[in-house]
file query10.pdb (PDB, C-alpha atoms)
ATOM      1  CA  MET A   1       4.852  18.942   3.627
ATOM      2  CA  GLY A   2       4.287  16.535   6.511
ATOM      3  CA  LEU A   3       2.028  13.515   6.855
ATOM      4  CA  THR A   4      -0.706  12.695   4.367
ATOM      5  CA  ILE A   5      -3.353   9.992   4.096
ATOM      6  CA  GLY A   6      -3.726   7.722   1.101
ATOM      7  CA  VAL A   7      -7.027   5.966   0.392
ATOM      8  CA  ASP A   8      -7.380   2.768  -1.618
ATOM      9  CA  ILE A   9     -10.936   1.883  -2.666
ATOM     10  CA  GLY A  10     -11.210  -1.880  -3.051
ATOM     11  CA  GLY A  11     -14.112  -4.096  -3.978
ATOM     12  CA  THR A  12     -14.591  -5.370  -0.425
ATOM     13  CA  LYS A  13     -12.778  -2.821   1.747
ATOM     14  CA  ILE A  14     -11.618   0.786   1.779
ATOM     15  CA  ALA A  15      -8.170   1.263   3.304
ATOM     16  CA  ALA A  16      -6.773   4.575   4.525
ATOM     17  CA  GLY A  17      -3.166   4.932   5.662
ATOM     18  CA  VAL A  18      -1.015   7.683   7.141
ATOM     19  CA  VAL A  19       2.137   7.983   5.020
ATOM     20  CA  ASP A  20       5.284  10.003   5.677
ATOM     21  CA  GLU A  21       7.470  11.706   3.082
ATOM     22  CA  GLU A  22       9.673   8.605   2.760
ATOM     23  CA  GLY A  23       6.729   6.422   1.782
ATOM     24  CA  ASN A  24       6.415   4.667   5.144
ATOM     25  CA  ILE A  25       2.912   3.721   6.285
ATOM     26  CA  LEU A  26       2.540   4.760   9.922
ATOM     27  CA  SER A  27      -1.022   3.630  10.589
ATOM     28  CA  THR A  28      -4.006   2.248   8.700
ATOM     29  CA  HIS A  29      -7.744   2.023   9.104
ATOM     30  CA  LYS A  30     -10.057  -0.171   7.032
ATOM     31  CA  VAL A  31     -13.818  -0.193   6.586
ATOM     32  CA  PRO A  32     -16.067  -2.418   4.442
ATOM     33  CA  THR A  33     -16.908  -1.114   0.989
ATOM     34  CA  PRO A  34     -20.646  -0.288   0.889
ATOM     35  CA  SER A  35     -22.865  -1.065  -2.066
ATOM     36  CA  THR A  36     -24.140   2.430  -2.934
ATOM     37  CA  PRO A  37     -22.141   5.374  -4.336
ATOM     38  CA  GLN A  38     -23.095   7.841  -1.616
ATOM     39  CA  ALA A  39     -22.374   5.330   1.136
ATOM     40  CA  ILE A  40     -18.912   4.823  -0.354
ATOM     41  CA  VAL A  41     -18.205   8.541   0.059
ATOM     42  CA  ASP A  42     -19.241   8.274   3.716
ATOM     43  CA  ALA A  43     -17.046   5.183   4.142
ATOM     44  CA  ILE A  44     -14.037   7.001   2.674
ATOM     45  CA  ALA A  45     -14.526   9.768   5.213
ATOM     46  CA  SER A  46     -14.853   7.208   8.020
ATOM     47  CA  ALA A  47     -11.625   5.472   6.973
ATOM     48  CA  VAL A  48      -9.776   8.796   6.851
ATOM     49  CA  GLU A  49     -11.005   9.777  10.299
ATOM     50  CA  GLY A  50      -9.968   6.413  11.700
ATOM     51  CA  ALA A  51      -6.470   6.634  10.237
ATOM     52  CA  ARG A  52      -5.783  10.252  11.194
ATOM     53  CA  ALA A  53      -6.307   9.744  14.928
ATOM     54  CA  GLY A  54      -3.194  10.946  16.753
ATOM     55  CA  HIS A  55      -1.546  12.376  13.629
ATOM     56  CA  ASP A  56      -1.220  15.884  12.247
ATOM     57  CA  ILE A  57      -2.409  15.423   8.642
ATOM     58  CA  VAL A  58      -1.966  17.991   5.857
ATOM     59  CA  GLY A  59      -3.891  16.334   3.024
ATOM     60  CA  VAL A  60      -5.636  13.272   1.610
ATOM     61  CA  GLY A  61      -5.094  11.444  -1.683
ATOM     62  CA  ILE A  62      -7.763   9.071  -3.003
ATOM     63  CA  GLY A  63      -7.050   6.375  -5.593
ATOM     64  CA  ALA A  64     -10.225   5.693  -7.584
ATOM     65  CA  ALA A  65     -10.712   3.090 -10.301
ATOM     66  CA  GLY A  66     -12.052   5.299 -13.049
ATOM     67  CA  TYR A  67     -11.491   8.340 -15.219
ATOM     68  CA  VAL A  68     -10.502  11.366 -13.129
ATOM     69  CA  ASN A  69     -10.454  14.909 -14.462
ATOM     70  CA  ARG A  70      -7.361  17.059 -14.957
ATOM     71  CA  GLN A  71      -8.048  19.042 -11.781
ATOM     72  CA  ARG A  72      -7.951  15.822  -9.693
ATOM     73  CA  SER A  73     -11.389  16.575  -8.306
ATOM     74  CA  THR A  74     -14.123  14.767 -10.262
ATOM     75  CA  VAL A  75     -14.551  11.153 -11.280
ATOM     76  CA  TYR A  76     -15.885  11.315 -14.835
ATOM     77  CA  PHE A  77     -16.763   7.633 -14.870
ATOM     78  CA  ALA A  78     -16.087   4.608 -12.666
ATOM     79  CA  PRO A  79     -16.713   1.138 -14.093
ATOM     80  CA  ASN A  80     -17.415  -0.601 -10.783
ATOM     81  CA  ILE A  81     -19.158   2.201  -8.879
ATOM     82  CA  ASP A  82     -22.115   4.183 -10.185
ATOM     83  CA  TRP A  83     -20.120   7.418 -10.230
ATOM     84  CA  ARG A  84     -20.796   9.689 -13.210
ATOM     85  CA  GLN A  85     -19.334  13.211 -12.971
ATOM     86  CA  GLU A  86     -18.914  12.561  -9.240
ATOM     87  CA  PRO A  87     -17.446  15.599  -7.360
ATOM     88  CA  LEU A  88     -15.496  13.322  -5.025
ATOM     89  CA  LYS A  89     -12.940  15.915  -3.899
ATOM     90  CA  ALA A  90     -15.588  18.361  -2.698
ATOM     91  CA  GLU A  91     -17.695  15.673  -1.047
ATOM     92  CA  VAL A  92     -14.841  14.183   0.978
ATOM     93  CA  GLU A  93     -13.366  17.598   1.873
ATOM     94  CA  ALA A  94     -16.726  18.615   3.321
ATOM     95  CA  ARG A  95     -16.679  15.583   5.590
ATOM     96  CA  VAL A  96     -13.050  15.512   6.764
ATOM     97  CA  GLY A  97     -12.014  19.177   6.655
ATOM     98  CA  LEU A  98      -8.740  18.460   4.858
ATOM     99  CA  PRO A  99      -7.479  19.211   1.335
ATOM    100  CA  VAL A 100      -8.234  16.244  -0.931
ATOM    101  CA  VAL A 101      -6.926  15.194  -4.341
ATOM    102  CA  VAL A 102      -8.421  12.387  -6.404
ATOM    103  CA  GLU A 103      -6.272  10.258  -8.693
ATOM    104  CA  ASN A 104      -6.809   7.256 -10.918
ATOM    105  CA  ASP A 105      -5.800   4.212  -8.868
ATOM    106  CA  ALA A 106      -3.384   2.838 -11.477
ATOM    107  CA  ASN A 107      -1.697   6.241 -11.737
ATOM    108  CA  ALA A 108      -1.390   6.328  -7.961
ATOM    109  CA  ALA A 109       0.175   2.856  -7.890
ATOM    110  CA  ALA A 110       2.579   3.827 -10.673
ATOM    111  CA  TRP A 111       3.641   6.931  -8.759
ATOM    112  CA  GLY A 112       4.161   4.894  -5.594
ATOM    113  CA  GLU A 113       6.421   2.441  -7.409
ATOM    114  CA  TYR A 114       8.311   5.256  -9.132
ATOM    115  CA  LYS A 115       8.972   7.206  -5.922
ATOM    116  CA  PHE A 116       9.434   4.441  -3.365
ATOM    117  CA  GLY A 117       9.624   1.073  -5.131
ATOM    118  CA  ALA A 118      11.046  -0.492  -8.265
ATOM    119  CA  GLY A 119      11.267   2.825 -10.123
ATOM    120  CA  LYS A 120      13.710   4.534  -7.776
ATOM    121  CA  GLY A 121      16.635   5.901  -9.763
ATOM    122  CA  HIS A 122      14.677   6.088 -13.027
ATOM    123  CA  ARG A 123      13.425   9.272 -14.703
ATOM    124  CA  ASN A 124      11.319   7.626 -17.392
ATOM    125  CA  VAL A 125       9.249   4.558 -16.559
ATOM    126  CA  ILE A 126       6.042   2.969 -17.744
ATOM    127  CA  CYS A 127       4.081   0.943 -15.223
ATOM    128  CA  ILE A 128       1.521  -1.690 -16.104
ATOM    129  CA  THR A 129      -0.678  -3.541 -13.646
ATOM    130  CA  LEU A 130      -1.596  -7.092 -14.623
ATOM    131  CA  GLY A 131      -4.525  -8.011 -12.441
ATOM    132  CA  THR A 132      -8.115  -8.891 -13.196
ATOM    133  CA  GLY A 133      -7.782  -6.236 -15.905
ATOM    134  CA  LEU A 134      -4.836  -4.192 -17.172
ATOM    135  CA  GLY A 135      -3.972  -0.638 -16.131
ATOM    136  CA  GLY A 136      -0.912   1.551 -15.973
ATOM    137  CA  GLY A 137       0.828   4.855 -15.514
ATOM    138  CA  ILE A 138       3.301   7.051 -17.371
ATOM    139  CA  ILE A 139       6.226   8.824 -15.670
ATOM    140  CA  ILE A 140       8.356  10.827 -18.089
ATOM    141  CA  GLY A 141      10.956  13.329 -16.924
ATOM    142  CA  ASN A 142      10.104  12.575 -13.277
ATOM    143  CA  LYS A 143       6.496  13.657 -13.812
ATOM    144  CA  LEU A 144       3.262  11.720 -13.886
ATOM    145  CA  ARG A 145       1.787  12.289 -17.333
ATOM    146  CA  ARG A 146      -1.995  12.345 -17.082
ATOM    147  CA  GLY A 147      -2.905  13.848 -20.445
ATOM    148  CA  HIS A 148      -4.842  16.982 -21.314
ATOM    149  CA  PHE A 149      -8.123  15.740 -19.846
ATOM    150  CA  GLY A 150      -6.518  13.673 -17.068
ATOM    151  CA  VAL A 151      -7.357  10.243 -18.456
ATOM    152  CA  ALA A 152      -4.133   9.066 -20.122
ATOM    153  CA  ALA A 153      -2.539   5.630 -19.631
ATOM    154  CA  GLU A 154      -5.700   3.543 -19.976
ATOM    155  CA  PHE A 155      -3.450   0.916 -21.519
ATOM    156  CA  GLY A 156      -5.898  -1.931 -21.039
ATOM    157  CA  HIS A 157      -8.186  -0.430 -23.650
ATOM    158  CA  ILE A 158      -5.687  -0.063 -26.455
ATOM    159  CA  ARG A 159      -7.180  -2.113 -29.284
ATOM    160  CA  MET A 160      -4.710  -4.899 -29.955
ATOM    161  CA  VAL A 161      -6.980  -6.965 -32.208
ATOM    162  CA  PRO A 162      -9.388  -5.228 -34.612
ATOM    163  CA  ASP A 163     -12.864  -6.721 -34.128
ATOM    164  CA  GLY A 164     -11.415  -8.983 -31.435
ATOM    165  CA  LEU A 165     -12.906 -10.163 -28.161
ATOM    166  CA  LEU A 166     -15.642  -8.032 -26.630
ATOM    167  CA  CYS A 167     -14.384  -6.009 -23.670
ATOM    168  CA  GLY A 168     -16.327  -4.832 -20.648
ATOM    169  CA  CYS A 169     -15.750  -1.272 -21.818
ATOM    170  CA  GLY A 170     -17.918  -1.966 -24.869
ATOM    171  CA  SER A 171     -15.088  -2.046 -27.397
ATOM    172  CA  GLN A 172     -13.525  -5.091 -29.041
ATOM    173  CA  GLY A 173      -9.978  -6.425 -29.026
ATOM    174  CA  CYS A 174      -8.719  -4.452 -26.000
ATOM    175  CA  TRP A 175      -5.299  -5.388 -24.662
ATOM    176  CA  GLU A 176      -6.668  -6.504 -21.295
ATOM    177  CA  GLN A 177      -8.720  -9.179 -23.035
ATOM    178  CA  TYR A 178      -5.428 -10.851 -23.972
ATOM    179  CA  ALA A 179      -3.083  -9.917 -21.095
ATOM    180  CA  SER A 180      -4.816 -10.053 -17.711
ATOM    181  CA  GLY A 181      -5.926 -12.447 -15.013
ATOM    182  CA  ARG A 182      -9.212 -13.030 -16.824
ATOM    183  CA  ALA A 183      -7.339 -13.837 -20.028
ATOM    184  CA  LEU A 184      -5.054 -16.298 -18.226
ATOM    185  CA  VAL A 185      -8.012 -18.246 -16.858
ATOM    186  CA  ARG A 186      -9.653 -18.282 -20.274
ATOM    187  CA  TYR A 187      -6.477 -19.638 -21.898
ATOM    188  CA  ALA A 188      -6.188 -22.377 -19.298
ATOM    189  CA  LYS A 189      -9.809 -23.463 -19.578
ATOM    190  CA  GLN A 190      -9.662 -23.580 -23.381
ATOM    191  CA  ARG A 191      -6.446 -25.575 -23.418
ATOM    192  CA  ALA A 192      -7.550 -27.957 -20.679
ATOM    193  CA  ASN A 193     -10.751 -28.646 -22.590
ATOM    194  CA  ALA A 194      -8.870 -29.261 -25.857
ATOM    195  CA  THR A 195      -6.043 -31.406 -24.449
ATOM    196  CA  PRO A 196      -7.032 -32.728 -21.007
ATOM    197  CA  GLU A 197      -4.136 -35.198 -21.125
ATOM    198  CA  ASN A 198      -1.765 -32.215 -20.866
ATOM    199  CA  ALA A 199      -3.605 -30.683 -17.913
ATOM    200  CA  GLU A 200      -3.761 -33.459 -15.347
ATOM    201  CA  ILE A 201      -2.405 -31.374 -12.464
ATOM    202  CA  LEU A 202      -4.474 -28.340 -13.407
ATOM    203  CA  LEU A 203      -7.704 -30.298 -13.778
ATOM    204  CA  ALA A 204      -7.152 -32.061 -10.450
ATOM    205  CA  LEU A 205      -6.889 -28.689  -8.752
ATOM    206  CA  GLY A 206     -10.033 -27.499 -10.541
ATOM    207  CA  ASN A 207     -12.267 -30.325  -9.333
ATOM    208  CA  GLY A 208     -11.685 -32.339 -12.489
ATOM    209  CA  THR A 209     -13.311 -29.983 -14.990
ATOM    210  CA  PRO A 210     -12.076 -27.010 -17.029
ATOM    211  CA  ASP A 211     -14.885 -24.870 -15.612
ATOM    212  CA  GLY A 212     -13.448 -25.394 -12.120
ATOM    213  CA  ILE A 213     -10.072 -23.851 -12.993
ATOM    214  CA  GLU A 214      -9.221 -20.619 -11.165
ATOM    215  CA  GLY A 215      -6.211 -18.324 -11.353
ATOM    216  CA  LYS A 216      -4.646 -19.714  -8.188
ATOM    217  CA  HIS A 217      -4.783 -23.221  -9.666
ATOM    218  CA  ILE A 218      -2.860 -22.148 -12.772
ATOM    219  CA  SER A 219      -0.025 -20.770 -10.670
ATOM    220  CA  VAL A 220       0.299 -23.931  -8.585
ATOM    221  CA  ALA A 221       0.072 -26.202 -11.608
ATOM    222  CA  ALA A 222       2.608 -24.206 -13.630
ATOM    223  CA  ARG A 223       5.148 -24.452 -10.834
ATOM    224  CA  GLN A 224       4.685 -28.224 -10.910
ATOM    225  CA  GLY A 225       5.297 -28.305 -14.665
ATOM    226  CA  ASP A 226       1.735 -28.809 -15.899
ATOM    227  CA  PRO A 227       2.028 -28.248 -19.689
ATOM    228  CA  VAL A 228      -1.306 -26.446 -20.118
ATOM    229  CA  ALA A 229      -0.657 -24.136 -17.153
ATOM    230  CA  VAL A 230       2.833 -23.272 -18.413
ATOM    231  CA  ASP A 231       1.553 -22.680 -21.933
ATOM    232  CA  SER A 232      -1.229 -20.432 -20.611
ATOM    233  CA  TYR A 233       1.324 -18.194 -18.932
ATOM    234  CA  ARG A 234       3.354 -18.112 -22.134
ATOM    235  CA  GLU A 235       0.310 -17.011 -24.121
ATOM    236  CA  LEU A 236      -0.449 -14.222 -21.662
ATOM    237  CA  ALA A 237       3.216 -13.184 -21.730
ATOM    238  CA  ARG A 238       3.232 -13.151 -25.531
ATOM    239  CA  TRP A 239       0.484 -10.548 -25.558
ATOM    240  CA  ALA A 240       1.894  -8.598 -22.621
ATOM    241  CA  GLY A 241       5.341  -8.360 -24.187
ATOM    242  CA  ALA A 242       3.957  -7.355 -27.579
ATOM    243  CA  GLY A 243       2.077  -4.517 -25.916
ATOM    244  CA  LEU A 244       5.197  -3.336 -24.100
ATOM    245  CA  ALA A 245       7.020  -3.231 -27.434
ATOM    246  CA  ASP A 246       4.329  -0.895 -28.764
ATOM    247  CA  LEU A 247       4.589   1.290 -25.658
ATOM    248  CA  ALA A 248       8.367   1.434 -26.113
ATOM    249  CA  SER A 249       7.805   2.893 -29.581
ATOM    250  CA  LEU A 250       5.652   5.608 -28.008
ATOM    251  CA  PHE A 251       7.517   6.473 -24.803
ATOM    252  CA  ASP A 252      11.035   4.947 -24.928
ATOM    253  CA  PRO A 253      11.298   4.401 -21.152
ATOM    254  CA  SER A 254      14.349   3.100 -19.325
ATOM    255  CA  ALA A 255      12.196   0.533 -17.525
ATOM    256  CA  PHE A 256       8.820  -1.135 -17.527
ATOM    257  CA  ILE A 257       7.512  -1.908 -14.052
ATOM    258  CA  VAL A 258       5.064  -4.808 -13.971
ATOM    259  CA  GLY A 259       2.694  -4.801 -11.007
ATOM    260  CA  GLY A 260      -0.685  -6.268 -10.160
ATOM    261  CA  GLY A 261      -1.498  -9.705  -8.861
ATOM    262  CA  LEU A 262       0.136 -11.567 -11.731
ATOM    263  CA  SER A 263       3.488  -9.932 -10.981
ATOM    264  CA  ASP A 264       3.514 -11.878  -7.701
ATOM    265  CA  GLU A 265       4.402 -14.938  -9.789
ATOM    266  CA  GLY A 266       7.858 -13.436 -10.386
ATOM    267  CA  GLU A 267       9.977 -14.951 -13.134
ATOM    268  CA  LEU A 268       7.232 -17.404 -14.056
ATOM    269  CA  VAL A 269       5.535 -14.503 -15.829
ATOM    270  CA  LEU A 270       8.296 -11.889 -16.124
ATOM    271  CA  ASP A 271      10.843 -13.947 -18.049
ATOM    272  CA  PRO A 272       8.472 -14.866 -20.899
ATOM    273  CA  ILE A 273       7.221 -11.257 -20.982
ATOM    274  CA  ARG A 274      10.826 -10.086 -21.476
ATOM    275  CA  ASN A 275      11.307 -12.594 -24.269
ATOM    276  CA  SER A 276       8.149 -11.498 -26.041
ATOM    277  CA  TYR A 277       8.993  -7.827 -25.571
ATOM    278  CA  LYS A 278      12.417  -8.292 -27.190
ATOM    279  CA  ARG A 279      10.866 -10.385 -29.957
ATOM    280  CA  TRP A 280       8.433  -7.632 -30.975
ATOM    281  CA  LEU A 281      10.558  -4.551 -30.237
ATOM    282  CA  VAL A 282      11.293  -2.789 -33.524
ATOM    283  CA  GLY A 283      15.061  -2.701 -34.073
ATOM    284  CA  GLY A 284      15.535  -4.683 -30.887
ATOM    285  CA  ASN A 285      18.831  -6.216 -32.009
ATOM    286  CA  TRP A 286      20.448  -2.818 -32.532
ATOM    287  CA  ARG A 287      18.947  -0.501 -29.910
ATOM    288  CA  PRO A 288      19.031  -0.238 -26.101
ATOM    289  CA  VAL A 289      16.337  -2.353 -24.474
ATOM    290  CA  ALA A 290      14.391  -1.176 -21.427
ATOM    291  CA  ASP A 291      14.455  -3.304 -18.298
ATOM    292  CA  VAL A 292      11.284  -5.236 -17.450
ATOM    293  CA  ILE A 293      11.154  -5.448 -13.667
ATOM    294  CA  ALA A 294       8.701  -6.522 -10.984
ATOM    295  CA  ALA A 295       6.918  -3.994  -8.816
ATOM    296  CA  GLN A 296       8.070  -3.968  -5.200
ATOM    297  CA  LEU A 297       5.287  -2.406  -3.137
ATOM    298  CA  GLY A 298       2.551  -4.949  -3.828
ATOM    299  CA  ASN A 299      -0.932  -3.873  -2.821
ATOM    300  CA  LYS A 300       0.493  -0.916  -0.862
ATOM    301  CA  ALA A 301       1.539   0.956  -4.011
ATOM    302  CA  GLY A 302      -1.785   2.667  -4.643
ATOM    303  CA  LEU A 303      -2.224   3.858  -1.074
ATOM    304  CA  VAL A 304       1.358   5.136  -0.807
ATOM    305  CA  GLY A 305       1.219   6.769  -4.226
ATOM    306  CA  ALA A 306      -2.104   8.492  -3.556
ATOM    307  CA  ALA A 307      -0.782   9.837  -0.261
ATOM    308  CA  ASP A 308       2.341  11.222  -1.920
ATOM    309  CA  LEU A 309       0.363  12.821  -4.742
ATOM    310  CA  ALA A 310      -1.636  14.692  -2.093
ATOM    311  CA  ARG A 311       1.562  16.665  -1.444
ATOM    312  CA  GLU A 312       1.562  17.983  -5.012
ATOM    313  CA  PRO A 313      -0.155  21.405  -5.020
ATOM    314  CA  ASP A 314      -1.112  21.325  -8.701
ATOM    315  CA  PRO A 315      -1.996  18.552 -11.179
ATOM    316  CA  ILE A 316       1.095  16.832 -12.570
ATOM    317  CA  MET A 317       0.802  16.922 -16.328
TER     318      MET A 317
END
call {"tool": "encode", "arguments": {"input": "query10.pdb", "output": "structure tokens"}}
result
Amino acid sequence: MGLTIGVDIGGTKIAAGVVDEEGNILSTHKVPTPSTPQAIVDAIASAVEGARAGHDIVGVGIGAAGYVNRQRSTVYFAPNIDWRQEPLKAEVEARVGLPVVVENDANAAAWGEYKFGAGKGHRNVICITLGTGLGGGIIIGNKLRRGHFGVAAEFGHIRMVPDGLLCGCGSQGCWEQYASGRALVRYAKQRANATPENAEILLALGNGTPDGIEGKHISVAARQGDPVAVDSYRELARWAGAGLADLASLFDPSAFIVGGGLSDEGELVLDPIRNSYKRWLVGGNWRPVADVIAAQLGNKAGLVGAADLAREPDPIM
């Protein structure tokens, strides 16, 4: 099919990259993310035009944080951009003169990992992204499963705790309230406040107060053996692993791929997630257990995945 462009819409920048059929990024172009919805559409077009210079491009794939319809054309709803029933495909096509497909950004990242990263060699994988929130993607039988309306795999909003913590989506007890970067910081602040004597390294990094603790401090402190930092990771992993056990009951994958910023911590977070997953997996002592592995593409996964999905002529259901 030739070269395609993948677009990753971030909070501060929009990145467009030319990607070949082997998943290699040949060139990129970045522009600042504007503050208004219509300006973001213009910025996407500008990023595409900047990246395509000197290349023969056959299509564009856009990864958008939000609910995207089955036809990969309209953003039903985006939590961080005021897009409601936004016809993003048509708007960008009119500006760049190329075929465009729109995909949920977590789905795009999952597809990138499946095709070119940690999922190579697997037919059935579930990807979760542990970042500020929690997202994911479902690949079963070598196909991205998007659901009847196109909005499957919103794993972060599975209700893990009835009447639990209030989520930004408006519901209560969502998984991402217990297994995400925000949750990790909350755990650390609560524990440092309760037992400051066990958080000396962590508190020193956070300017001496629990309120000063940030995610980067927890990582540094945990690697130096700070008890509160280590325990905070274990608590996050307990919830993450329990959720994977539930997903295993639904999908029975051969592997779970863990991406997002928290996966950069490697075995610090992955090993306790594996332990929790095995602890909560029904029949875990007598059945095959899926691998829990780290994503490999980092922040390139969404761009690469979106570009590759632009080569698919029809929605992958």
call {"tool": "closest_residue", "arguments": {"input": "query10.pdb", "among": "A:Asp20, A:Glu200, A:Asp211, A:Glu176", "to": "Leu130 in chain A", "atoms": "all atoms listed in the file"}}
result
A:Glu176
call {"tool": "resolve_selection", "arguments": {"input": "query10.pdb", "expression": "the PyMOL selection byres ((chain A and resi 12) around 10)", "output": "list of chain:residue names"}}
result
A:Ile9, A:Gly10, A:Gly11, A:Lys13, A:Ile14, A:Ala15, A:Val31, A:Pro32, A:Thr33, A:Pro34, A:Ser35
call {"tool": "resolve_selection", "arguments": {"input": "query10.pdb", "expression": "the PyMOL selection byres ((chain A and resi 142-159) around 9)", "output": "count of residues only"}}
result
47
call {"tool": "atom_distance", "arguments": {"input": "query10.pdb", "atom1": "CA of His55 in chain A", "atom2": "CA of Ala301 in chain A"}}
result
21.2 Å
call {"tool": "resolve_selection", "arguments": {"input": "query10.pdb", "expression": "the PyMOL selection byres ((chain A and resi 220-228) around 9)", "output": "number ranges by chain"}}
result
A: 187-188, 191-192, 195-196, 198-202, 205, 216-219, 229-233, 268
call {"tool": "closest_residue", "arguments": {"input": "query10.pdb", "among": "A:Ala108, A:Ala118, A:Val48, A:Ile57", "to": "Val92 in chain A", "atoms": "all atoms listed in the file"}}
result
A:Val48
call {"tool": "atom_distance", "arguments": {"input": "query10.pdb", "atom1": "CA of Arg84 in chain A", "atom2": "CA of Leu165 in chain A"}}
result
26.1 Å
call {"tool": "closest_residue", "arguments": {"input": "query10.pdb", "among": "A:Ala183, A:Ile25, A:Ile44, A:Val258", "to": "Cys127 in chain A", "atoms": "only C-alpha atoms"}}
result
A:Val258
call {"tool": "residues_around", "arguments": {"input": "query10.pdb", "residues": "Pro37 in chain A", "least_positions_apart": "5", "cutoff": "8 Å", "atoms": "all atoms listed in the file", "output": "CSV table (one decimal) with C-alpha atoms, keeping the file's coordinate frame"}}
result
chain,number,residue,atom,x,y,z
A,81,ILE,CA,-19.2,2.2,-8.9
A,82,ASP,CA,-22.1,4.2,-10.2
A,83,TRP,CA,-20.1,7.4,-10.2
call {"tool": "atom_distance", "arguments": {"input": "query10.pdb", "atom1": "CA of Ala64 in chain A", "atom2": "CA of Lys120 in chain A"}}
result
24.0 Å
call {"tool": "residues_around", "arguments": {"input": "query10.pdb", "residues": "Ala51 in chain A", "least_positions_apart": "4", "cutoff": "6 Å", "atoms": "all atoms listed in the file", "output": "PDB file with C-alpha atoms, keeping the file's coordinate frame"}}
result
ATOM      1  CA  GLY A  17      -3.166   4.932   5.662  1.00  0.00           C
ATOM      2  CA  THR A  28      -4.006   2.248   8.700  1.00  0.00           C
ATOM      3  CA  HIS A  29      -7.744   2.023   9.104  1.00  0.00           C
TER       4      HIS A  29
END
call {"tool": "residues_around", "arguments": {"input": "query10.pdb", "residues": "Asn275 in chain A", "least_positions_apart": "5", "cutoff": "9 Å", "atoms": "all atoms listed in the file", "output": "list of chain:residue names"}}
result
A:Ala237, A:Arg238, A:Gly241, A:Leu270, A:Trp280
call {"tool": "closest_residue", "arguments": {"input": "query10.pdb", "among": "A:Val60, A:Leu236, A:Ala109, A:Val7", "to": "Asn299 in chain A", "atoms": "all atoms listed in the file"}}
result
A:Ala109
call {"tool": "closest_residue", "arguments": {"input": "query10.pdb", "among": "A:Ala65, A:Leu98, A:Ala16, A:Ala248", "to": "Val292 in chain A", "atoms": "all atoms listed in the file"}}
result
A:Ala248
call {"tool": "axis_aligned_box", "arguments": {"input": "query10.pdb", "around": "range 38-50 of chain A", "padding_each_side": "3 Å", "output": "lines of an AutoDock Vina configuration file"}}
result
center_x = -16.4
center_y = 7.3
center_z = 5.0
size_x = 19.3
size_y = 11.0
size_z = 19.3
call {"tool": "closest_residue", "arguments": {"input": "query10.pdb", "among": "A:Gln296, A:Ser263, A:Asn24, A:Ser254", "to": "Gly121 in chain A", "atoms": "only C-alpha atoms"}}
result
A:Ser254
call {"tool": "residues_around", "arguments": {"input": "query10.pdb", "residues": "Pro288 in chain A", "least_positions_apart": "3", "cutoff": "12 Å", "atoms": "all atoms listed in the file", "output": "JSON list (two decimals) with C-alpha atoms, in the frame of the given file"}}
result
[["chain", "number", "residue", "atom", "x", "y", "z"],
["A", 248, "ALA", "CA", 8.37, 1.43, -26.11],
["A", 252, "ASP", "CA", 11.04, 4.95, -24.93],
["A", 253, "PRO", "CA", 11.30, 4.40, -21.15],
["A", 254, "SER", "CA", 14.35, 3.10, -19.32],
["A", 255, "ALA", "CA", 12.20, 0.53, -17.52],
["A", 278, "LYS", "CA", 12.42, -8.29, -27.19],
["A", 281, "LEU", "CA", 10.56, -4.55, -30.24],
["A", 282, "VAL", "CA", 11.29, -2.79, -33.52],
["A", 283, "GLY", "CA", 15.06, -2.70, -34.07],
["A", 284, "GLY", "CA", 15.54, -4.68, -30.89],
["A", 285, "ASN", "CA", 18.83, -6.22, -32.01],
["A", 291, "ASP", "CA", 14.46, -3.30, -18.30]]
call {"tool": "build_atoms", "arguments": {"input": "query10.pdb", "residues": "range 279-287 of chain A", "atoms": "N, CA and C atoms", "output": "PDB file, in the coordinates of the input"}}
result
ATOM      1  N   ARG A 279      11.234  -9.829 -28.651  1.00  0.00           N
ATOM      2  CA  ARG A 279      10.866 -10.385 -29.957  1.00  0.00           C
ATOM      3  C   ARG A 279      10.140  -9.355 -30.821  1.00  0.00           C
ATOM      4  N   TRP A 280       9.271  -8.552 -30.218  1.00  0.00           N
ATOM      5  CA  TRP A 280       8.433  -7.632 -30.975  1.00  0.00           C
ATOM      6  C   TRP A 280       8.948  -6.204 -30.997  1.00  0.00           C
ATOM      7  N   LEU A 281      10.018  -5.909 -30.279  1.00  0.00           N
ATOM      8  CA  LEU A 281      10.558  -4.551 -30.237  1.00  0.00           C
ATOM      9  C   LEU A 281      11.218  -4.216 -31.577  1.00  0.00           C
ATOM     10  N   VAL A 282      10.747  -3.173 -32.221  1.00  0.00           N
ATOM     11  CA  VAL A 282      11.293  -2.789 -33.524  1.00  0.00           C
ATOM     12  C   VAL A 282      12.760  -2.382 -33.372  1.00  0.00           C
ATOM     13  N   GLY A 283      13.634  -2.998 -34.159  1.00  0.00           N
ATOM     14  CA  GLY A 283      15.061  -2.701 -34.073  1.00  0.00           C
ATOM     15  C   GLY A 283      15.705  -3.219 -32.810  1.00  0.00           C
ATOM     16  N   GLY A 284      15.072  -4.222 -32.191  1.00  0.00           N
ATOM     17  CA  GLY A 284      15.535  -4.683 -30.887  1.00  0.00           C
ATOM     18  C   GLY A 284      16.951  -5.218 -30.848  1.00  0.00           C
ATOM     19  N   ASN A 285      17.465  -5.685 -31.988  1.00  0.00           N
ATOM     20  CA  ASN A 285      18.831  -6.216 -32.009  1.00  0.00           C
ATOM     21  C   ASN A 285      19.892  -5.124 -32.067  1.00  0.00           C
ATOM     22  N   TRP A 286      19.477  -3.884 -32.328  1.00  0.00           N
ATOM     23  CA  TRP A 286      20.448  -2.818 -32.532  1.00  0.00           C
ATOM     24  C   TRP A 286      20.213  -1.602 -31.642  1.00  0.00           C
ATOM     25  N   ARG A 287      19.267  -1.658 -30.739  1.00  0.00           N
ATOM     26  CA  ARG A 287      18.947  -0.501 -29.910  1.00  0.00           C
ATOM     27  C   ARG A 287      18.998  -0.884 -28.440  1.00  0.00           C
TER      28      ARG A 287
END
